[in-house]
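For reference, the structure is listed below as structure tokens.
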Amino acid sequence: RIFFSEGCVHRCAFCANHRHRTISYDFDMVKREIELLINNFGTKYIYVGDENFYLGTSKSDQIINLMKKYTSSCKWGFQTRIGIPPQQALEMLNPSSCVEIDLGIETATEKTRNLIAKNYGTFDTVYKTIDAYLNRNLNLLGYFIVGLPGETQVTIEDNFKIMSDLIMKGVMIEPGIFVPYPETPIFENAKEYGILIDKTSWSSFSSERIPPFK
């Protein structure tokens with residue numbers, strides 16, 4: 001996993017990655033790191049872990065062109081936000097080299113998305129984004145969060161129906177349990193989001209178990 005930057009410019013209410021200022025790294029430095037991993041250590045897969053990686057930017061163009069040199073020896077993937085990517089940038093992606101694109105969908109419920117400040121418009125944007133990538137035969141993974149503030153049994157069931165629909169389209173789905181991590185807006189303003197958090201049981205704050213809140 002390599003990074004062109006740390007931190008995030010967005011302010012999703014469930015996420016702690018915007019706690020610190022965003023730091024960007026020089027491309028030549030990252031390029032040397034990638035070449036070292038591939039040429040000296042035989043790395044077969046590299047994942048761009050940036051929270052602010054978008055197709056159609058100079059940063060994405062540089063990494064795409066760099067990885068084209070290693071199509072036969074090293075695959076790569078990245079995570080990005082929901083948003084229809086520019087066609088020219090899509091055409092630069094080689095499905096035989098870029099083998100994974102991860103999308104933070106989080107929830108299909110517009111009311112919940114607005115509450116957690118995950119603003120990418122209507123859910124139709126998700127389908128258009130996914131179709132744009134699938135039309136290029138690119139592999140997709142969609143992240144969902146189950147149990148966000150404001151969700152009900154009905155909205156959770158609706159989310160699972162959407163997940164099933166996306167799976168049928170060829171998207172891999174990874175649902176996770178909502179955790180109100182410290183220093184996130186939801187944790188710091190829990191009452192405003194309609195939840196109560198047991199702040200005495202820190203060992204339970206893990207995505208691998210149900211966290212202490214209701």
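Residue numbering restarts at 1 in every chain; chains get A, B, ... in the order shown in the structure tokens, and ligands count up from 1 in that same order.
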If we count only C-alpha atoms and set the cut-off at 12 Å, which residues sit around A:Leu134, ignoring sequence neighbours fewer than 3 positions away in its own chain? Please answer as a tab-separated table (two decimals) with N, CA and C atoms, in the first residue's frame.
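Full text of result.tsv as output:
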chain	number	residue	atom	x	y	z
A	84	ILE	N	-18.89	10.03	-11.40
A	84	ILE	CA	-18.66	9.52	-12.75
A	84	ILE	C	-17.30	10.01	-13.24
A	85	PRO	N	-16.38	9.09	-13.50
A	85	PRO	CA	-15.02	9.49	-13.90
A	85	PRO	C	-14.99	9.99	-15.35
A	90	LEU	N	-10.81	7.13	-17.93
A	90	LEU	CA	-11.22	5.73	-17.94
A	90	LEU	C	-10.49	4.95	-19.02
A	93	LEU	N	-7.09	3.54	-18.23
A	93	LEU	CA	-6.97	2.40	-17.34
A	93	LEU	C	-6.93	1.10	-18.13
A	95	PRO	N	-7.42	-2.80	-17.91
A	95	PRO	CA	-7.96	-3.83	-17.02
A	95	PRO	C	-6.98	-4.94	-16.68
A	99	VAL	N	-6.47	-3.89	-11.37
A	99	VAL	CA	-7.35	-5.02	-11.12
A	99	VAL	C	-8.35	-4.79	-9.98
A	100	GLU	N	-8.31	-3.61	-9.36
A	100	GLU	CA	-9.24	-3.36	-8.25
A	100	GLU	C	-9.49	-1.87	-8.08
A	101	ILE	N	-10.79	-1.51	-8.01
A	101	ILE	CA	-11.20	-0.15	-7.71
A	101	ILE	C	-12.23	-0.22	-6.59
A	127	TYR	N	-25.01	4.14	-9.60
A	127	TYR	CA	-25.18	3.23	-10.73
A	127	TYR	C	-24.42	3.71	-11.96
A	128	LYS	N	-24.46	5.00	-12.21
A	128	LYS	CA	-23.75	5.54	-13.38
A	128	LYS	C	-22.23	5.40	-13.21
A	129	THR	N	-21.76	5.62	-11.98
A	129	THR	CA	-20.33	5.46	-11.71
A	129	THR	C	-19.91	4.01	-11.93
A	130	ILE	N	-20.67	3.10	-11.36
A	130	ILE	CA	-20.37	1.68	-11.48
A	130	ILE	C	-20.41	1.22	-12.93
A	131	ASP	N	-21.44	1.65	-13.66
A	131	ASP	CA	-21.55	1.24	-15.06
A	131	ASP	C	-20.36	1.74	-15.88
A	137	ASN	N	-14.55	-3.14	-18.14
A	137	ASN	CA	-14.16	-4.46	-17.61
A	137	ASN	C	-13.25	-4.35	-16.40
A	138	LEU	N	-13.50	-3.34	-15.56
A	138	LEU	CA	-12.70	-3.13	-14.36
A	138	LEU	C	-13.38	-3.78	-13.16
A	139	ASN	N	-12.59	-4.34	-12.24
A	139	ASN	CA	-13.12	-5.00	-11.06
A	139	ASN	C	-13.46	-3.97	-9.98
A	140	LEU	N	-14.65	-4.08	-9.42
A	140	LEU	CA	-15.11	-3.11	-8.43
A	140	LEU	C	-15.43	-3.77	-7.10
A	141	LEU	N	-15.13	-3.03	-6.02
A	141	LEU	CA	-15.52	-3.43	-4.67
A	141	LEU	C	-16.26	-2.25	-4.05
A	166	LEU	N	-26.25	-4.98	-6.86
A	166	LEU	CA	-24.90	-4.65	-7.32
A	166	LEU	C	-24.07	-5.92	-7.53
A	169	LYS	N	-24.72	-7.31	-10.77
A	169	LYS	CA	-24.08	-6.53	-11.84
A	169	LYS	C	-22.60	-6.87	-11.96
A	170	GLY	N	-22.06	-7.55	-10.95
A	170	GLY	CA	-20.65	-7.93	-10.99
A	170	GLY	C	-19.77	-7.17	-10.03
A	171	VAL	N	-20.39	-6.47	-9.06
A	171	VAL	CA	-19.63	-5.71	-8.07
A	171	VAL	C	-19.44	-6.55	-6.81
A	172	MET	N	-18.23	-6.64	-6.32
A	172	MET	CA	-17.99	-7.26	-5.02
A	172	MET	C	-18.44	-6.30	-3.92
Please return, as JSON, numbers by chain, all residues of stretch 36-102 of chain A that DSSP assigns to alpha helix (DSSP H) on the basis of the backbone. {"A": [36, 37, 38, 39, 40, 41, 58, 59, 60, 61, 62, 63, 64, 65, 66, 67, 68, 87, 88, 89, 90, 91, 92]}
Could you take the residues named above and write them with C-alpha atoms, as an mmCIF file, in the first residue's frame?
data_model
loop_
_atom_site.group_PDB
_atom_site.id
_atom_site.type_symbol
_atom_site.label_atom_id
_atom_site.label_comp_id
_atom_site.auth_asym_id
_atom_site.auth_seq_id
_atom_site.Cartn_x
_atom_site.Cartn_y
_atom_site.Cartn_z
ATOM 1 C CA LEU A 36 11.964 -0.014 -5.463
ATOM 2 C CA LEU A 37 9.103 -2.313 -4.427
ATOM 3 C CA ILE A 38 8.767 -3.834 -7.892
ATOM 4 C CA ASN A 39 12.395 -3.992 -9.016
ATOM 5 C CA ASN A 40 14.112 -4.827 -5.718
ATOM 6 C CA PHE A 41 11.473 -6.783 -3.803
ATOM 7 C CA SER A 58 -2.400 14.859 -12.863
ATOM 8 C CA LYS A 59 -1.704 12.526 -9.932
ATOM 9 C CA SER A 60 -3.881 9.740 -11.316
ATOM 10 C CA ASP A 61 -2.501 10.209 -14.838
ATOM 11 C CA GLN A 62 1.039 9.864 -13.508
ATOM 12 C CA ILE A 63 0.386 6.639 -11.594
ATOM 13 C CA ILE A 64 -1.573 5.111 -14.506
ATOM 14 C CA ASN A 65 1.261 5.843 -16.926
ATOM 15 C CA LEU A 66 3.853 4.543 -14.474
ATOM 16 C CA MET A 67 2.019 1.264 -13.845
ATOM 17 C CA LYS A 68 1.631 0.655 -17.576
ATOM 18 C CA GLN A 87 -14.091 9.158 -20.122
ATOM 19 C CA GLN A 88 -10.547 10.055 -21.164
ATOM 20 C CA ALA A 89 -9.222 8.966 -17.772
ATOM 21 C CA LEU A 90 -11.217 5.730 -17.938
ATOM 22 C CA GLU A 91 -9.719 4.904 -21.306
ATOM 23 C CA MET A 92 -6.251 5.213 -19.798
#
Which residues come within 9 Å of stretch 73-75 of chain A, counting only C-alpha atoms, excluding same-chain residues fewer than 2 positions away, as a compact mmCIF listing (two decimals) with N, CA and C atoms, in the first residue's frame?
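Below is the file that was written, result_20.txt:
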# COMPACT_ATOMS: atom_id res chain seq x y z
N ILE A 38 8.90 -2.90 -6.77
CA ILE A 38 8.77 -3.83 -7.89
C ILE A 38 10.12 -4.41 -8.29
N GLY A 42 10.30 -7.47 -5.82
CA GLY A 42 9.41 -8.33 -6.59
C GLY A 42 7.95 -8.21 -6.22
N THR A 43 7.53 -7.04 -5.77
CA THR A 43 6.14 -6.81 -5.39
C THR A 43 5.21 -7.05 -6.58
N LYS A 44 4.14 -7.82 -6.35
CA LYS A 44 3.22 -8.20 -7.43
C LYS A 44 1.94 -7.38 -7.44
N TYR A 45 1.70 -6.66 -6.35
CA TYR A 45 0.47 -5.87 -6.28
C TYR A 45 0.71 -4.63 -5.43
N ILE A 46 0.24 -3.48 -5.94
CA ILE A 46 0.37 -2.21 -5.23
C ILE A 46 -1.00 -1.56 -5.15
N TYR A 47 -1.35 -1.11 -3.95
CA TYR A 47 -2.65 -0.48 -3.73
C TYR A 47 -2.44 0.99 -3.34
N MET A 67 2.35 2.67 -14.00
CA MET A 67 2.02 1.26 -13.85
C MET A 67 1.88 0.54 -15.17
N LYS A 69 4.03 0.51 -17.36
CA LYS A 69 5.36 -0.06 -17.61
C LYS A 69 5.50 -1.44 -16.97
N TYR A 70 4.66 -1.72 -15.96
CA TYR A 70 4.82 -2.96 -15.19
C TYR A 70 3.60 -3.88 -15.33
N THR A 71 2.85 -3.73 -16.43
CA THR A 71 1.62 -4.51 -16.62
C THR A 71 1.85 -6.00 -16.44
N GLY A 77 -4.28 -1.32 -7.69
CA GLY A 77 -5.65 -0.92 -7.45
C GLY A 77 -5.69 0.37 -6.66
N SER A 96 -5.98 -5.15 -17.52
CA SER A 96 -5.00 -6.20 -17.24
C SER A 96 -3.94 -5.73 -16.24
N SER A 97 -3.92 -4.43 -15.96
CA SER A 97 -2.97 -3.88 -14.99
C SER A 97 -3.68 -3.42 -13.72
N CYS A 98 -4.72 -2.59 -13.88
CA CYS A 98 -5.51 -2.12 -12.74
C CYS A 98 -6.60 -3.15 -12.46
N VAL A 99 -6.47 -3.89 -11.37
CA VAL A 99 -7.35 -5.02 -11.12
C VAL A 99 -8.35 -4.79 -9.98
N GLU A 100 -8.31 -3.61 -9.36
CA GLU A 100 -9.24 -3.36 -8.25
C GLU A 100 -9.49 -1.87 -8.08
Nearest-residue call for A:Ile186, choices A:Phe14, A:Tyr25, A:Phe123, A:Phe4, using only C-alpha atoms: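 Smallest distance to A:Ile186 is found for A:Phe14.
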Just the strand (DSSP E) stuff from stretch 50-211 of chain A, please, per backbone DSSP, written as number ranges by chain. A: 75-80, 98-106, 140-146, 172-177
Residue contacts of A:Thr184 (12 Å, only C-alpha atoms) excluding same-chain residues fewer than 3 positions away, as number ranges by chain: A: 11-20, 116-117, 179-181, 187-190, 193
Can you list, as number ranges by chain, every protein, DNA or RNA residue that comes within 10 Å of A:Asn159 when you count only C-alpha atoms, leaving out same-chain residues fewer than 4 positions away? A: 106-109, 144-146, 153-155, 163-165, 175
